[in-house]
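Enquirer: Following this line is entry.pdb, made up of PDB, C-alpha atoms, pLDDT in the B column:
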```
ATOM      1  CA  MET A 827     180.978  82.052 -62.750  1.00 91.00           C
ATOM      2  CA  ILE A 828     177.723  83.678 -63.867  1.00 91.00           C
ATOM      3  CA  LYS A 829     177.297  87.338 -64.793  1.00 94.00           C
ATOM      4  CA  LYS A 830     174.356  89.534 -65.779  1.00 96.00           C
ATOM      5  CA  GLU A 831     175.223  91.996 -68.549  1.00 96.00           C
ATOM      6  CA  LYS A 832     173.106  94.853 -69.882  1.00 97.00           C
ATOM      7  CA  PHE A 833     172.846  95.242 -73.666  1.00 97.00           C
ATOM      8  CA  LEU A 834     171.525  97.990 -75.908  1.00 96.00           C
ATOM      9  CA  ILE A 835     169.933  96.661 -79.106  1.00 96.00           C
ATOM     10  CA  ALA A 836     169.211  99.209 -81.841  1.00 96.00           C
ATOM     11  CA  GLU A 837     167.384  98.311 -85.058  1.00 96.00           C
ATOM     12  CA  TYR A 838     166.500 100.410 -88.092  1.00 94.00           C
ATOM     13  CA  LYS A 839     163.215  98.739 -88.939  1.00 93.00           C
ATOM     14  CA  ASP A 840     162.498 100.405 -92.292  1.00 93.00           C
ATOM     15  CA  ILE A 841     165.956  99.890 -93.824  1.00 94.00           C
ATOM     16  CA  GLU A 842     166.573  96.680 -95.759  1.00 95.00           C
ATOM     17  CA  LEU A 843     170.135  95.545 -96.496  1.00 95.00           C
ATOM     18  CA  ARG A 844     172.176  92.483 -97.371  1.00 92.00           C
ATOM     19  CA  GLN A 845     174.135  90.710 -94.650  1.00 91.00           C
ATOM     20  CA  GLN A 846     177.434  91.816 -96.209  1.00 90.00           C
ATOM     21  CA  ASP A 847     176.340  95.470 -95.876  1.00 92.00           C
ATOM     22  CA  ALA A 848     177.084  95.322 -92.144  1.00 92.00           C
ATOM     23  CA  VAL A 849     180.534  96.730 -92.909  1.00 91.00           C
ATOM     24  CA  LYS A 850     178.860  99.802 -94.471  1.00 92.00           C
ATOM     25  CA  VAL A 851     176.739 100.295 -91.357  1.00 92.00           C
ATOM     26  CA  ARG A 852     179.898 100.113 -89.266  1.00 91.00           C
ATOM     27  CA  GLY A 853     181.645 102.562 -91.575  1.00 87.00           C
ATOM     28  CA  TYR A 854     178.913 105.190 -91.236  1.00 89.00           C
ATOM     29  CA  PHE A 855     178.749 105.108 -87.448  1.00 88.00           C
ATOM     30  CA  ALA A 856     182.511 104.734 -86.955  1.00 85.00           C
ATOM     31  CA  ASP A 857     183.100 107.856 -89.058  1.00 84.00           C
ATOM     32  CA  MET A 858     180.730 109.932 -86.910  1.00 82.00           C
ATOM     33  CA  ASP A 859     183.391 110.310 -84.217  1.00 75.00           C
ATOM     34  CA  LYS A 860     186.786 108.862 -85.102  1.00 73.00           C
ATOM     35  CA  SER A 861     188.122 109.809 -81.674  1.00 74.00           C
ATOM     36  CA  ASP A 862     185.681 107.388 -80.023  1.00 70.00           C
ATOM     37  CA  THR A 863     187.511 104.066 -80.114  1.00 77.00           C
ATOM     38  CA  PHE A 864     184.493 102.139 -78.822  1.00 66.00           C
ATOM     39  CA  MET A 865     182.688 102.875 -82.092  1.00 71.00           C
ATOM     40  CA  HIS A 866     185.348 101.403 -84.382  1.00 67.00           C
ATOM     41  CA  ASN A 867     187.741  99.385 -82.158  1.00 64.00           C
ATOM     42  CA  HIS A 868     190.861 100.993 -83.658  1.00 51.00           C
ATOM     43  CA  LEU A 869     193.687 102.811 -81.943  1.00 45.00           C
ATOM     44  CA  LYS A 870     193.838 106.577 -82.476  1.00 54.00           C
ATOM     45  CA  THR A 871     197.340 106.066 -83.881  1.00 53.00           C
ATOM     46  CA  GLY A 872     196.129 103.306 -86.226  1.00 55.00           C
ATOM     47  CA  GLY A 873     195.928  99.549 -85.833  1.00 59.00           C
ATOM     48  CA  ASN A 874     193.371  97.342 -84.157  1.00 62.00           C
ATOM     49  CA  ILE A 875     192.422  97.203 -80.500  1.00 57.00           C
ATOM     50  CA  TYR A 876     192.683  93.524 -79.640  1.00 64.00           C
ATOM     51  CA  LYS A 877     189.722  93.434 -77.304  1.00 80.00           C
ATOM     52  CA  TYR A 878     186.233  92.024 -77.660  1.00 92.00           C
ATOM     53  CA  PRO A 879     184.287  94.890 -79.331  1.00 93.00           C
ATOM     54  CA  GLU A 880     181.713  96.605 -77.123  1.00 94.00           C
ATOM     55  CA  VAL A 881     179.849  97.900 -80.198  1.00 95.00           C
ATOM     56  CA  GLN A 882     178.965  95.408 -82.961  1.00 96.00           C
ATOM     57  CA  TYR A 883     177.277  96.166 -86.286  1.00 95.00           C
ATOM     58  CA  LYS A 884     175.111  93.568 -88.006  1.00 96.00           C
ATOM     59  CA  VAL A 885     172.467  92.947 -90.626  1.00 96.00           C
ATOM     60  CA  LEU A 886     169.961  90.439 -89.244  1.00 95.00           C
ATOM     61  CA  TYR A 887     166.611  89.570 -90.809  1.00 92.00           C
ATOM     62  CA  LYS A 888     167.530  92.105 -93.545  1.00 94.00           C
ATOM     63  CA  HIS A 889     167.679  95.010 -91.077  1.00 96.00           C
ATOM     64  CA  PRO A 890     170.714  96.879 -89.663  1.00 96.00           C
ATOM     65  CA  PHE A 891     171.298  96.230 -85.975  1.00 96.00           C
ATOM     66  CA  ILE A 892     173.810  97.701 -83.560  1.00 96.00           C
ATOM     67  CA  ILE A 893     174.516  95.776 -80.353  1.00 95.00           C
ATOM     68  CA  ALA A 894     176.379  97.477 -77.497  1.00 95.00           C
ATOM     69  CA  PHE A 895     177.363  96.667 -73.935  1.00 94.00           C
ATOM     70  CA  GLY A 896     179.581  98.162 -71.239  1.00 93.00           C
ATOM     71  CA  ASN A 897     181.199 101.431 -72.293  1.00 92.00           C
ATOM     72  CA  GLY A 898     179.829 100.863 -75.783  1.00 93.00           C
ATOM     73  CA  ILE A 899     176.341 101.786 -74.563  1.00 95.00           C
ATOM     74  CA  ASN A 900     177.553 105.176 -73.292  1.00 92.00           C
ATOM     75  CA  SER A 901     179.270 105.828 -76.626  1.00 91.00           C
ATOM     76  CA  LEU A 902     176.470 104.651 -78.890  1.00 92.00           C
ATOM     77  CA  TYR A 903     173.274 105.915 -77.258  1.00 92.00           C
ATOM     78  CA  PRO A 904     173.827 109.723 -77.507  1.00 90.00           C
ATOM     79  CA  LYS A 905     174.953 109.348 -81.114  1.00 88.00           C
ATOM     80  CA  LEU A 906     171.792 107.465 -82.026  1.00 90.00           C
ATOM     81  CA  MET A 907     169.668 110.144 -80.391  1.00 89.00           C
ATOM     82  CA  GLY A 908     171.258 112.895 -82.488  1.00 81.00           C
ATOM     83  CA  ILE A 909     170.737 111.256 -85.884  1.00 86.00           C
ATOM     84  CA  GLU A 910     168.202 112.663 -88.359  1.00 89.00           C
ATOM     85  CA  TYR A 911     169.403 110.551 -91.279  1.00 90.00           C
ATOM     86  CA  VAL A 912     171.598 107.547 -91.989  1.00 91.00           C
ATOM     87  CA  THR A 913     173.792 107.097 -95.060  1.00 92.00           C
ATOM     88  CA  ILE A 914     174.702 103.532 -95.958  1.00 91.00           C
ATOM     89  CA  GLY A 915     176.713 103.117 -99.110  1.00 87.00           C
ATOM     90  CA  ASN A 916     175.364 105.626-101.605  1.00 88.00           C
ATOM     91  CA  ARG A 917     171.865 105.804-100.148  1.00 92.00           C
ATOM     92  CA  LYS A 918     170.576 108.312 -97.621  1.00 94.00           C
ATOM     93  CA  TYR A 919     167.699 107.384 -95.285  1.00 91.00           C
ATOM     94  CA  ASN A 920     165.889 110.384 -93.793  1.00 93.00           C
ATOM     95  CA  ASN A 921     164.240 110.048 -90.370  1.00 90.00           C
ATOM     96  CA  PRO A 922     164.645 106.255 -90.267  1.00 90.00           C
ATOM     97  CA  ASP A 923     162.450 104.209 -87.945  1.00 93.00           C
ATOM     98  CA  LEU A 924     164.794 103.433 -85.064  1.00 95.00           C
ATOM     99  CA  GLN A 925     163.819 101.000 -82.320  1.00 95.00           C
ATOM    100  CA  ILE A 926     166.006 100.825 -79.203  1.00 96.00           C
ATOM    101  CA  ARG A 927     165.658  98.495 -76.271  1.00 94.00           C
ATOM    102  CA  LEU A 928     167.725  97.400 -73.287  1.00 95.00           C
ATOM    103  CA  GLU A 929     168.027  93.749 -72.348  1.00 95.00           C
ATOM    104  CA  THR A 930     169.860  91.912 -69.589  1.00 96.00           C
ATOM    105  CA  LYS A 931     171.519  88.654 -70.590  1.00 95.00           C
ATOM    106  CA  THR A 932     173.179  85.933 -68.520  1.00 95.00           C
ATOM    107  CA  ILE A 933     176.714  84.821 -69.367  1.00 96.00           C
ATOM    108  CA  GLY A 934     178.680  81.994 -67.766  1.00 96.00           C
ATOM    109  CA  ASP A 935     178.622  78.428 -66.516  1.00 95.00           C
ATOM    110  CA  CYS A 936     175.633  76.198 -67.140  1.00 94.00           C
ATOM    111  CA  GLU A 937     174.941  72.681 -65.849  1.00 91.00           C
ATOM    112  CA  GLN A 938     173.053  71.579 -68.959  1.00 93.00           C
ATOM    113  CA  THR A 939     174.027  71.910 -72.595  1.00 95.00           C
ATOM    114  CA  LEU A 940     172.369  74.601 -74.693  1.00 96.00           C
ATOM    115  CA  GLN A 941     172.056  74.686 -78.470  1.00 97.00           C
ATOM    116  CA  TYR A 942     173.026  77.797 -80.415  1.00 97.00           C
ATOM    117  CA  LYS A 943     172.736  78.671 -84.089  1.00 97.00           C
ATOM    118  CA  PHE A 944     174.804  80.986 -86.269  1.00 97.00           C
ATOM    119  CA  LEU A 945     172.712  83.851 -87.644  1.00 96.00           C
ATOM    120  CA  THR A 946     175.675  85.029 -89.731  1.00 97.00           C
ATOM    121  CA  PRO A 947     178.672  83.027 -90.985  1.00 97.00           C
ATOM    122  CA  TRP A 948     181.355  82.132 -88.463  1.00 97.00           C
ATOM    123  CA  LEU A 949     184.897  82.929 -89.628  1.00 96.00           C
ATOM    124  CA  ALA A 950     186.894  80.265 -87.825  1.00 95.00           C
ATOM    125  CA  LEU A 951     190.041  80.092 -89.931  1.00 93.00           C
ATOM    126  CA  ASN A 952     192.963  82.487 -90.157  1.00 86.00           C
ATOM    127  CA  GLN A 953     195.784  81.992 -92.668  1.00 83.00           C
ATOM    128  CA  GLU A 954     197.697  79.585 -90.459  1.00 86.00           C
ATOM    129  CA  ASN A 955     194.875  77.283 -89.418  1.00 91.00           C
ATOM    130  CA  TYR A 956     193.314  77.461 -92.896  1.00 90.00           C
ATOM    131  CA  ARG A 957     196.380  75.664 -94.258  1.00 90.00           C
ATOM    132  CA  LYS A 958     196.129  73.060 -91.501  1.00 93.00           C
ATOM    133  CA  TYR A 959     192.408  72.600 -92.148  1.00 93.00           C
ATOM    134  CA  THR A 960     192.764  72.057 -95.898  1.00 91.00           C
ATOM    135  CA  VAL A 961     195.331  69.261 -95.551  1.00 93.00           C
ATOM    136  CA  LEU A 962     193.291  67.227 -93.054  1.00 93.00           C
ATOM    137  CA  GLU A 963     192.223  63.990 -94.707  1.00 89.00           C
ATOM    138  CA  THR A 964     189.062  63.037 -92.855  1.00 95.00           C
ATOM    139  CA  ASN A 965     185.859  64.866 -92.009  1.00 93.00           C
ATOM    140  CA  PHE A 966     186.268  63.738 -88.379  1.00 94.00           C
ATOM    141  CA  GLU A 967     189.620  65.542 -88.152  1.00 96.00           C
ATOM    142  CA  LYS A 968     188.113  68.714 -89.631  1.00 96.00           C
ATOM    143  CA  ILE A 969     185.183  68.657 -87.208  1.00 96.00           C
ATOM    144  CA  GLN A 970     187.546  68.101 -84.292  1.00 96.00           C
ATOM    145  CA  MET A 971     189.690  71.046 -85.372  1.00 97.00           C
ATOM    146  CA  LEU A 972     186.683  73.336 -85.790  1.00 97.00           C
ATOM    147  CA  GLU A 973     185.309  72.365 -82.383  1.00 97.00           C
ATOM    148  CA  ASN A 974     188.675  73.148 -80.779  1.00 97.00           C
ATOM    149  CA  ILE A 975     188.674  76.563 -82.465  1.00 97.00           C
ATOM    150  CA  LEU A 976     185.056  77.122 -81.429  1.00 97.00           C
ATOM    151  CA  THR A 977     185.970  76.279 -77.827  1.00 97.00           C
ATOM    152  CA  GLY A 978     188.720  78.897 -77.945  1.00 96.00           C
ATOM    153  CA  ASN A 979     186.379  81.472 -79.490  1.00 96.00           C
ATOM    154  CA  ILE A 980     183.801  80.870 -76.750  1.00 97.00           C
ATOM    155  CA  LEU A 981     186.423  81.303 -74.030  1.00 96.00           C
ATOM    156  CA  SER A 982     187.639  84.510 -75.721  1.00 95.00           C
ATOM    157  CA  MET A 983     184.090  85.888 -75.847  1.00 96.00           C
ATOM    158  CA  CYS A 984     183.558  85.152 -72.159  1.00 96.00           C
ATOM    159  CA  LYS A 985     186.888  86.792 -71.331  1.00 94.00           C
ATOM    160  CA  GLY A 986     185.648  89.880 -73.188  1.00 93.00           C
ATOM    161  CA  PHE A 987     182.787  90.038 -70.678  1.00 95.00           C
ATOM    162  CA  ASN A 988     185.173  89.419 -67.756  1.00 94.00           C
ATOM    163  CA  VAL A 989     183.601  86.019 -67.183  1.00 95.00           C
ATOM    164  CA  ARG A 990     185.737  83.050 -66.164  1.00 94.00           C
ATOM    165  CA  LEU A 991     184.147  79.697 -66.903  1.00 95.00           C
ATOM    166  CA  GLU A 992     184.772  77.335 -64.011  1.00 94.00           C
ATOM    167  CA  ARG A 993     183.511  74.201 -65.763  1.00 91.00           C
ATOM    168  CA  LYS A 994     185.358  72.543 -68.605  1.00 94.00           C
ATOM    169  CA  ILE A 995     183.270  73.299 -71.675  1.00 94.00           C
ATOM    170  CA  ASN A 996     182.241  70.607 -74.102  1.00 95.00           C
ATOM    171  CA  VAL A 997     181.349  71.592 -77.659  1.00 97.00           C
ATOM    172  CA  LEU A 998     179.546  69.546 -80.319  1.00 97.00           C
ATOM    173  CA  SER A 999     178.802  71.062 -83.715  1.00 96.00           C
ATOM    174  CA  GLU A1000     176.766  70.584 -86.882  1.00 96.00           C
ATOM    175  CA  LEU A1001     178.389  72.920 -89.395  1.00 97.00           C
ATOM    176  CA  GLU A1002     178.447  73.513 -93.133  1.00 96.00           C
ATOM    177  CA  SER A1003     181.102  75.506 -94.983  1.00 94.00           C
ATOM    178  CA  ILE A1004     180.170  78.383 -97.286  1.00 93.00           C
ATOM    179  CA  PRO A1005     182.221  80.982 -99.213  1.00 92.00           C
ATOM    180  CA  VAL A1006     182.247  84.414 -97.550  1.00 90.00           C
ATOM    181  CA  LYS A1007     183.520  87.762 -98.824  1.00 82.00           C
ATOM    182  CA  PHE A1008     185.487  89.502 -96.048  1.00 78.00           C
ATOM    183  CA  LYS A1009     187.670  92.579 -96.544  1.00 77.00           C
ATOM    184  CA  GLY A1010     187.602  91.989-100.287  1.00 73.00           C
ATOM    185  CA  GLU A1011     188.775  88.379-100.077  1.00 79.00           C
ATOM    186  CA  THR A1012     186.858  85.120-100.388  1.00 84.00           C
ATOM    187  CA  MET A1013     187.161  83.049 -97.230  1.00 87.00           C
ATOM    188  CA  ILE A1014     185.571  79.922 -95.795  1.00 92.00           C
ATOM    189  CA  GLY A1015     182.759  80.600 -93.354  1.00 95.00           C
ATOM    190  CA  PHE A1016     180.598  78.167 -91.427  1.00 97.00           C
ATOM    191  CA  THR A1017     176.885  78.090 -90.689  1.00 97.00           C
ATOM    192  CA  GLY A1018     174.860  75.672 -88.593  1.00 97.00           C
ATOM    193  CA  LYS A1019     174.472  74.862 -84.913  1.00 97.00           C
ATOM    194  CA  PHE A1020     176.520  73.883 -81.884  1.00 98.00           C
ATOM    195  CA  THR A1021     175.853  72.805 -78.316  1.00 97.00           C
ATOM    196  CA  VAL A1022     177.885  73.853 -75.290  1.00 98.00           C
ATOM    197  CA  ASN A1023     177.473  73.798 -71.522  1.00 97.00           C
ATOM    198  CA  ALA A1024     177.664  77.581 -71.182  1.00 97.00           C
ATOM    199  CA  ARG A1025     175.301  80.544 -71.322  1.00 97.00           C
ATOM    200  CA  LEU A1026     176.345  82.897 -74.115  1.00 97.00           C
ATOM    201  CA  PRO A1027     174.811  86.283 -74.983  1.00 95.00           C
ATOM    202  CA  ALA A1028     172.498  85.981 -77.968  1.00 92.00           C
ATOM    203  CA  PHE A1029     173.068  88.340 -80.927  1.00 93.00           C
ATOM    204  CA  CYS A1030     176.748  88.834 -80.091  1.00 96.00           C
ATOM    205  CA  GLY A1031     179.502  87.426 -82.301  1.00 96.00           C
ATOM    206  CA  ILE A1032     182.388  84.975 -81.977  1.00 96.00           C
ATOM    207  CA  GLY A1033     185.467  84.439 -84.128  1.00 94.00           C
ATOM    208  CA  LYS A1034     186.877  86.871 -86.688  1.00 92.00           C
ATOM    209  CA  GLY A1035     185.030  89.985 -87.875  1.00 92.00           C
ATOM    210  CA  VAL A1036     182.762  90.309 -84.834  1.00 93.00           C
ATOM    211  CA  SER A1037     182.461  94.099 -85.102  1.00 91.00           C
ATOM    212  CA  ARG A1038     181.377  93.646 -88.739  1.00 91.00           C
ATOM    213  CA  GLY A1039     178.590  91.244 -87.814  1.00 94.00           C
ATOM    214  CA  MET A1040     180.295  87.900 -88.409  1.00 96.00           C
ATOM    215  CA  GLY A1041     179.738  84.859 -86.204  1.00 97.00           C
ATOM    216  CA  THR A1042     176.525  86.181 -84.640  1.00 97.00           C
ATOM    217  CA  ILE A1043     174.838  83.563 -82.461  1.00 97.00           C
ATOM    218  CA  ALA A1044     171.432  82.996 -80.888  1.00 95.00           C
ATOM    219  CA  LEU A1045     169.840  80.198 -78.947  1.00 93.00           C
ATOM    220  CA  ALA A1046     168.228  77.736 -81.321  1.00 89.00           C
ATOM    221  CA  GLY A1047     164.609  78.787 -81.656  1.00 78.00           C
ATOM    222  CA  GLU A1048     165.266  82.310 -80.333  1.00 72.00           C
ATOM    223  CA  ASN A1049     164.475  85.380 -82.441  1.00 69.00           C
ATOM    224  CA  LEU A1050     165.062  89.083 -81.990  1.00 62.00           C
ATOM    225  CA  TYR A1051     161.334  89.747 -82.022  1.00 56.00           C
TER
END
```
What does the file become when written as structure tokens?

Expert:
Amino acid sequence: MIKKEKFLIAEYKDIELRQQDAVKVRGYFADMDKSDTFMHNHLKTGGNIYKYPEVQYKVLYKHPFIIAFGNGINSLYPKLMGIEYVTIGNRKYNNPDLQIRLETKTIGDCEQTLQYKFLTPWLALNQENYRKYTVLETNFEKIQMLENILTGNILSMCKGFNVRLERKINVLSELESIPVKFKGETMIGFTGKFTVNARLPAFCGIGKGVSRGMGTIALAGENLY
């Protein structure tokens, strides 16, 4: 199955942040309208909405980005148009230089393999599979486990776009582990590249913490500019 999906990409070009500040960007926009669940992916009664987020907040190339699709576009766009300033952390940015564009991306089956890179760390491991990962004795076993998790993450992303992959996907990875601060805890993240026989939407995320900018991918050699 192949699907064309429209994306809104918003960038504040004159604001420079650290990658970990993506959570502050999310906090500012999510607080603008707490009744709008698309902006923060939480239930009105509390708790998470276990659905691929249609609005994702990121810091890429040192600039804050917001990526939206589906109903997320309808939620995000009017809010962006009404903003005269942005407050991130303790700093207020008056009349920031906002660039917005719409792009159509293809998602789904692909006959050839494509190579993707992680622009932000991929959080592959939850508490349960972290324990399993740490007791594996060989690097081969660890790679195999990560590629199985990556396969599941890819299928979950495609499901979030209502895309069913008809081909069996084959994943090969070249990954390095790095420490990552997430929700106040130090976790293992992974950077690097992977190949898969599927078309995935660049600048969207896979794995844990997608709405906070984690696991953002792009085709190898592809840039936002």

Enquirer: Selection in question (the file shown): the PyMOL selection byres ((chain A and resi 925-940) around 6). Which residues does it include, as a VMD selection string?

Expert: chain A and resid 827 to 837 924 941 991 1021 to 1027

Enquirer: To verify the selection step, state as a PDB file with C-alpha atoms, in the coordinates of the input which residues the PyMOL selection byres ((chain A and resi 976) around 12) yields on this input.

Expert:
```
ATOM      1  CA  PHE A 944     174.804  80.986 -86.269  1.00 97.00           C
ATOM      2  CA  TRP A 948     181.355  82.132 -88.463  1.00 97.00           C
ATOM      3  CA  LEU A 949     184.897  82.929 -89.628  1.00 96.00           C
ATOM      4  CA  ALA A 950     186.894  80.265 -87.825  1.00 95.00           C
ATOM      5  CA  LEU A 951     190.041  80.092 -89.931  1.00 93.00           C
ATOM      6  CA  ILE A 969     185.183  68.657 -87.208  1.00 96.00           C
ATOM      7  CA  GLN A 970     187.546  68.101 -84.292  1.00 96.00           C
ATOM      8  CA  MET A 971     189.690  71.046 -85.372  1.00 97.00           C
ATOM      9  CA  LEU A 972     186.683  73.336 -85.790  1.00 97.00           C
ATOM     10  CA  GLU A 973     185.309  72.365 -82.383  1.00 97.00           C
ATOM     11  CA  ASN A 974     188.675  73.148 -80.779  1.00 97.00           C
ATOM     12  CA  ILE A 975     188.674  76.563 -82.465  1.00 97.00           C
ATOM     13  CA  THR A 977     185.970  76.279 -77.827  1.00 97.00           C
ATOM     14  CA  GLY A 978     188.720  78.897 -77.945  1.00 96.00           C
ATOM     15  CA  ASN A 979     186.379  81.472 -79.490  1.00 96.00           C
ATOM     16  CA  ILE A 980     183.801  80.870 -76.750  1.00 97.00           C
ATOM     17  CA  LEU A 981     186.423  81.303 -74.030  1.00 96.00           C
ATOM     18  CA  SER A 982     187.639  84.510 -75.721  1.00 95.00           C
ATOM     19  CA  MET A 983     184.090  85.888 -75.847  1.00 96.00           C
ATOM     20  CA  ILE A 995     183.270  73.299 -71.675  1.00 94.00           C
ATOM     21  CA  ASN A 996     182.241  70.607 -74.102  1.00 95.00           C
ATOM     22  CA  VAL A 997     181.349  71.592 -77.659  1.00 97.00           C
ATOM     23  CA  LEU A 998     179.546  69.546 -80.319  1.00 97.00           C
ATOM     24  CA  SER A 999     178.802  71.062 -83.715  1.00 96.00           C
ATOM     25  CA  GLU A1000     176.766  70.584 -86.882  1.00 96.00           C
ATOM     26  CA  LEU A1001     178.389  72.920 -89.395  1.00 97.00           C
ATOM     27  CA  PHE A1016     180.598  78.167 -91.427  1.00 97.00           C
ATOM     28  CA  LYS A1019     174.472  74.862 -84.913  1.00 97.00           C
ATOM     29  CA  PHE A1020     176.520  73.883 -81.884  1.00 98.00           C
ATOM     30  CA  THR A1021     175.853  72.805 -78.316  1.00 97.00           C
ATOM     31  CA  VAL A1022     177.885  73.853 -75.290  1.00 98.00           C
ATOM     32  CA  GLY A1031     179.502  87.426 -82.301  1.00 96.00           C
ATOM     33  CA  ILE A1032     182.388  84.975 -81.977  1.00 96.00           C
ATOM     34  CA  GLY A1033     185.467  84.439 -84.128  1.00 94.00           C
ATOM     35  CA  LYS A1034     186.877  86.871 -86.688  1.00 92.00           C
ATOM     36  CA  GLY A1041     179.738  84.859 -86.204  1.00 97.00           C
TER      37      GLY A1041
END
```

Enquirer: Taking into account all atoms listed in the file, which residue in the set A:Lys888, A:Lys860, A:Lys958, A:Lys994 is nearest to Arg844 in chain A?

Expert: A:Lys888

Enquirer: Might you pull out every residue within 8 Å of Ile1004 in chain A, with all atoms listed in the file counted and same-chain residues fewer than 6 positions away left off, and present them as a ChimeraX atom specification?

Expert: /A:947,1014-1017

Enquirer: Run the PyMOL selection byres ((chain A and resi 902) around 9) mentally over the shown coordinates, then write out the matched residues as a PyMOL selection string, using the chain letters and numbers from the document.

Expert: chain A and resi 834+855+864-865+881+892+894+897-901+903-907

Enquirer: Pick out the closest residue to Tyr838 in chain A from this set: A:Ile909, A:Val1036, A:Cys1030, A:Met858. Count only C-alpha atoms.

Expert: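 Once distances to Tyr838 in chain A are computed over only C-alpha atoms, the minimum belongs to A:Ile909.
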
Enquirer: Just checking: using all atoms listed in the file, which residue out of A:Asp857, A:Glu954, A:Lys943, A:Gly986 ends up closest to Thr1042 in chain A?

Expert: A:Lys943

Enquirer: Could you work out how far CA of Thr946 in chain A lies from CA of Asn965 in chain A, giving the answer in Å with one decimal?

Expert: 22.7 Å
